[in-house]
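Colleague: Just passing along the structure, written as structure tokens.
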Amino acid sequence: MIELSVADFVLVFGIVLFTAFVQSVAGFGFALLAVPLLIQVIELQQAVILASLIGTSNNIFQFKDLRKDQDTVQVKRFLYASFIGAPAGLAVFLYANQDALKIILGCGVLFGVVLLARGRDLSEAHVGLAWAMGIISGVLLTSTSTNGPPLVFALQARRSPPAVFRATLNLIFLVSGLYGIALFALFGEIAVEDVLLAITVLPAMVVGVLIGRMVRKRIDPLRFRTAVLLLLCFGAFSSMYGGLVG
């Protein structure tokens, strides 16, 4: 059961608002930022469930606004691969201890930072790249809820236009998120308290997305991306530190 003080609830509310804003502006980063920050307040497995519930709600909320720019070929390819990797990630979530998961989470986030920072042009890369990144994304989806980096890397490497990039990721996250939630529910990992907390902080997600929509055209994309990568590094190292000293 999740028991939060008023101060802790305010922190969770603020984290959801901020990370929803980041995702609205950048097209990625919700769970990648939210989970390392949330584990400073709640247990890792609870943070993963909360990030999955709120993150998927975020994608549903933005679906209508973004659907016209989706690359459906890429969506299908990544989703098929993610569905293959997700059961393996669920096994890690169920059987690895909290400290090990924190270290895995930190390593996964740092892996994502490296991929995102490289920015290589792989527009002519073999289709196997998409399958490999999709499978890794599926593993991360159900183990730590931070499934974005491999997908972001693959789409950026193929030089997808910003609108297509944002819309395609949103649909992939939406469908894979529903799949991950179904797996969590099937194995009894989602408690009523998790759902109630997600509902309670849902307004923070909505506000974050709406603010992001208003300001994303006024923000320097390069500087914002750099700031996000630095925040990801901070979150990764704090997660790994928590796992090592826990």
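Residues in the structure tokens are numbered from 1 in each chain, the chains being A, B, ... in the order shown, and ligands are numbered from 1 in the order shown.
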Can you build me a table of region 164-220 of chain A residues sitting at most 8 Å from region 7-30 of chain A, with the closest atom pair per residue and its distance in Å to one decimal, using only C-alpha atoms, sorted by chain and residue number, as CSV?

Modeller:
```
residue,atom,partner,partner_atom,distance
A:Phe165,CA,A:Gly27,CA,7.4
A:Arg166,CA,A:Gly27,CA,4.7
A:Ala167,CA,A:Gly27,CA,7.9
A:Leu169,CA,A:Gly27,CA,7.1
A:Asn170,CA,A:Gly27,CA,7.5
A:Val201,CA,A:Phe13,CA,5.6
A:Ala204,CA,A:Leu17,CA,4.5
A:Met205,CA,A:Leu17,CA,5.1
A:Val206,CA,A:Ala20,CA,7.7
A:Val207,CA,A:Leu17,CA,6.6
A:Gly208,CA,A:Phe21,CA,4.2
A:Val209,CA,A:Phe21,CA,5.1
A:Leu210,CA,A:Phe21,CA,7.6
A:Ile211,CA,A:Phe21,CA,6.4
A:Gly212,CA,A:Phe21,CA,4.8
A:Arg213,CA,A:Ser24,CA,6.3
A:Val215,CA,A:Val25,CA,7.6
A:Arg216,CA,A:Val25,CA,4.9
```

Colleague: Which residues are close to region 102-105 of chain A, i.e. within 8 Å by only C-alpha atoms, leaving aside same-chain residues fewer than 6 positions away? Reply as a ChimeraX atom specification.

Modeller: /A:36,44,144,146,236,239-244

Colleague: Keeping only C-alpha atoms, write the selected residues as an mmCIF file, in the first residue's frame.

Modeller:
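Saved file result-v5.cif follows:
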```cif
data_model
loop_
_atom_site.group_PDB
_atom_site.id
_atom_site.type_symbol
_atom_site.label_atom_id
_atom_site.label_comp_id
_atom_site.auth_asym_id
_atom_site.auth_seq_id
_atom_site.Cartn_x
_atom_site.Cartn_y
_atom_site.Cartn_z
ATOM 1 C CA PRO A 36 14.500 8.017 -11.140
ATOM 2 C CA LEU A 44 10.838 1.493 -7.298
ATOM 3 C CA THR A 144 11.699 -0.189 -15.459
ATOM 4 C CA THR A 146 11.901 3.494 -19.332
ATOM 5 C CA ALA A 236 20.605 7.696 -13.698
ATOM 6 C CA SER A 239 19.224 5.623 -9.138
ATOM 7 C CA MET A 240 22.479 3.657 -9.333
ATOM 8 C CA TYR A 241 23.699 5.231 -6.087
ATOM 9 C CA GLY A 242 20.433 4.248 -4.353
ATOM 10 C CA GLY A 243 20.861 0.675 -5.555
ATOM 11 C CA LEU A 244 24.506 0.426 -4.472
#
```

Colleague: May I ask which of the residues A:Gln74, A:Asn97, A:Ser143, A:Gln62 is the closest one to Ile49 (chain A), counting only C-alpha atoms?

Modeller: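 Closest to Ile49 (chain A), using only C-alpha atoms: A:Ser143.
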
Colleague: For the structure I just gave you, how does DSSP split region 32-99 of chain A - specifically, which residues are alpha helix (DSSP H)? Reply as a PyMOL selection string.

Modeller: chain A and resi 32-38+44-66+72-95+98-99

Colleague: Which distance in Å separates CA of Glu43 (chain A) and CA of Gly177 (chain A), to one decimal?

Modeller: 20.1 Å

Colleague: Leaving out Ala91 (chain A) and any residue of its chain fewer than 3 positions from it, which residues lie within 12 Å of it when counting only C-alpha atoms, given as a ChimeraX atom specification?

Modeller: /A:85-88,94-97,101,138-144,183-184,187

Colleague: Do you have the CA of Phe173 (chain A)-CA of Lys64 (chain A) distance handy?

Modeller: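 Calculated distance between CA of Phe173 (chain A) and CA of Lys64 (chain A) is 14.2 Å.
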
Colleague: Pick out the closest residue to Ile60 (chain A) from this set: A:Ala191, A:Leu174, A:Met214, A:Cys233. Count only C-alpha atoms.

Modeller: A:Leu174

Colleague: What is the distance, in Å and to one decimal place, between CA of Gln70 (chain A) and CA of Val164 (chain A)?

Modeller: 5.6 Å

Colleague: Taking 6 positions as the minimum chain separation for residues in the same chain, which residues sit within 7 Å of Ser145 (chain A) when counting only C-alpha atoms? Answer as a list in words.

Modeller: Ala31, Val48, Ala51 and Ser52 of chain A

Colleague: Write out as a ChimeraX atom specification each polymer residue whose atoms come within 12 Å of Ala227 (chain A), counting only C-alpha atoms; drop sequence neighbours fewer than 3 positions from it.

Modeller: /A:22,26,29,33,113,117,219-224,230-234

Colleague: Considering only C-alpha atoms, can you say which of A:Val245, A:Ala34, A:Leu79, A:Ala47 comes closest to Asp194 (chain A)?

Modeller: A:Ala47

Colleague: Might you pull out every residue within 12 Å of Ala132 (chain A), with only C-alpha atoms counted and same-chain residues fewer than 6 positions away left off, and present them as a VMD selection string?

Modeller: chain A and resid 77 to 82 84 to 85 125 to 126 138 to 139 150 to 151 153 to 154

Colleague: Only N, CA and C atoms, please: the residues just picked out, written as an mmCIF file, in the first residue's frame.

Modeller:
```
data_model
loop_
_atom_site.group_PDB
_atom_site.id
_atom_site.type_symbol
_atom_site.label_atom_id
_atom_site.label_comp_id
_atom_site.auth_asym_id
_atom_site.auth_seq_id
_atom_site.Cartn_x
_atom_site.Cartn_y
_atom_site.Cartn_z
ATOM 1 N N ARG A 77 6.429 -2.021 -36.809
ATOM 2 C CA ARG A 77 7.701 -2.726 -36.644
ATOM 3 C C ARG A 77 8.174 -2.674 -35.188
ATOM 4 N N PHE A 78 8.138 -1.476 -34.596
ATOM 5 C CA PHE A 78 8.597 -1.326 -33.220
ATOM 6 C C PHE A 78 7.685 -2.052 -32.232
ATOM 7 N N LEU A 79 6.401 -2.018 -32.495
ATOM 8 C CA LEU A 79 5.464 -2.671 -31.574
ATOM 9 C C LEU A 79 5.624 -4.184 -31.587
ATOM 10 N N TYR A 80 5.750 -4.778 -32.759
ATOM 11 C CA TYR A 80 5.958 -6.224 -32.823
ATOM 12 C C TYR A 80 7.206 -6.625 -32.038
ATOM 13 N N ALA A 81 8.270 -5.848 -32.208
ATOM 14 C CA ALA A 81 9.518 -6.148 -31.503
ATOM 15 C C ALA A 81 9.361 -5.939 -30.007
ATOM 16 N N SER A 82 8.658 -4.875 -29.608
ATOM 17 C CA SER A 82 8.449 -4.601 -28.178
ATOM 18 C C SER A 82 7.660 -5.718 -27.507
ATOM 19 N N ILE A 84 7.750 -8.771 -28.189
ATOM 20 C CA ILE A 84 8.648 -9.911 -27.989
ATOM 21 C C ILE A 84 9.488 -9.711 -26.727
ATOM 22 N N GLY A 85 9.971 -8.479 -26.512
ATOM 23 C CA GLY A 85 10.869 -8.218 -25.384
ATOM 24 C C GLY A 85 10.184 -8.035 -24.046
ATOM 25 N N ALA A 125 20.254 2.441 -42.494
ATOM 26 C CA ALA A 125 20.581 1.245 -41.725
ATOM 27 C C ALA A 125 19.597 0.115 -42.024
ATOM 28 N N HIS A 126 20.059 -1.116 -41.811
ATOM 29 C CA HIS A 126 19.235 -2.292 -42.049
ATOM 30 C C HIS A 126 18.034 -2.283 -41.112
ATOM 31 N N GLY A 138 11.103 -3.215 -25.380
ATOM 32 C CA GLY A 138 10.116 -4.066 -24.720
ATOM 33 C C GLY A 138 10.608 -4.570 -23.375
ATOM 34 N N VAL A 139 11.882 -4.957 -23.307
ATOM 35 C CA VAL A 139 12.469 -5.410 -22.036
ATOM 36 C C VAL A 139 12.424 -4.284 -21.004
ATOM 37 N N PRO A 150 15.762 3.427 -26.733
ATOM 38 C CA PRO A 150 16.053 2.708 -27.986
ATOM 39 C C PRO A 150 15.195 3.189 -29.156
ATOM 40 N N LEU A 151 13.929 3.513 -28.873
ATOM 41 C CA LEU A 151 13.033 3.982 -29.929
ATOM 42 C C LEU A 151 13.420 5.380 -30.395
ATOM 43 N N PHE A 153 16.372 6.705 -30.223
ATOM 44 C CA PHE A 153 17.623 6.576 -30.962
ATOM 45 C C PHE A 153 17.359 6.135 -32.401
ATOM 46 N N ALA A 154 16.521 5.096 -32.561
ATOM 47 C CA ALA A 154 16.260 4.566 -33.902
ATOM 48 C C ALA A 154 15.577 5.597 -34.788
#
```

Colleague: Between A:Ile172, A:Val114, A:Leu90, A:Val152, which is the closest to Gly188 (chain A) once you count only C-alpha atoms?

Modeller: A:Leu90

Colleague: Go through A:Asn59, A:Phe93, A:Val109, A:Lys217 and flag the residue nearest Ser238 (chain A), using only C-alpha atoms for the distances.

Modeller: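 When distances to Ser238 (chain A) are compared using only C-alpha atoms, the smallest one comes from A:Val109.
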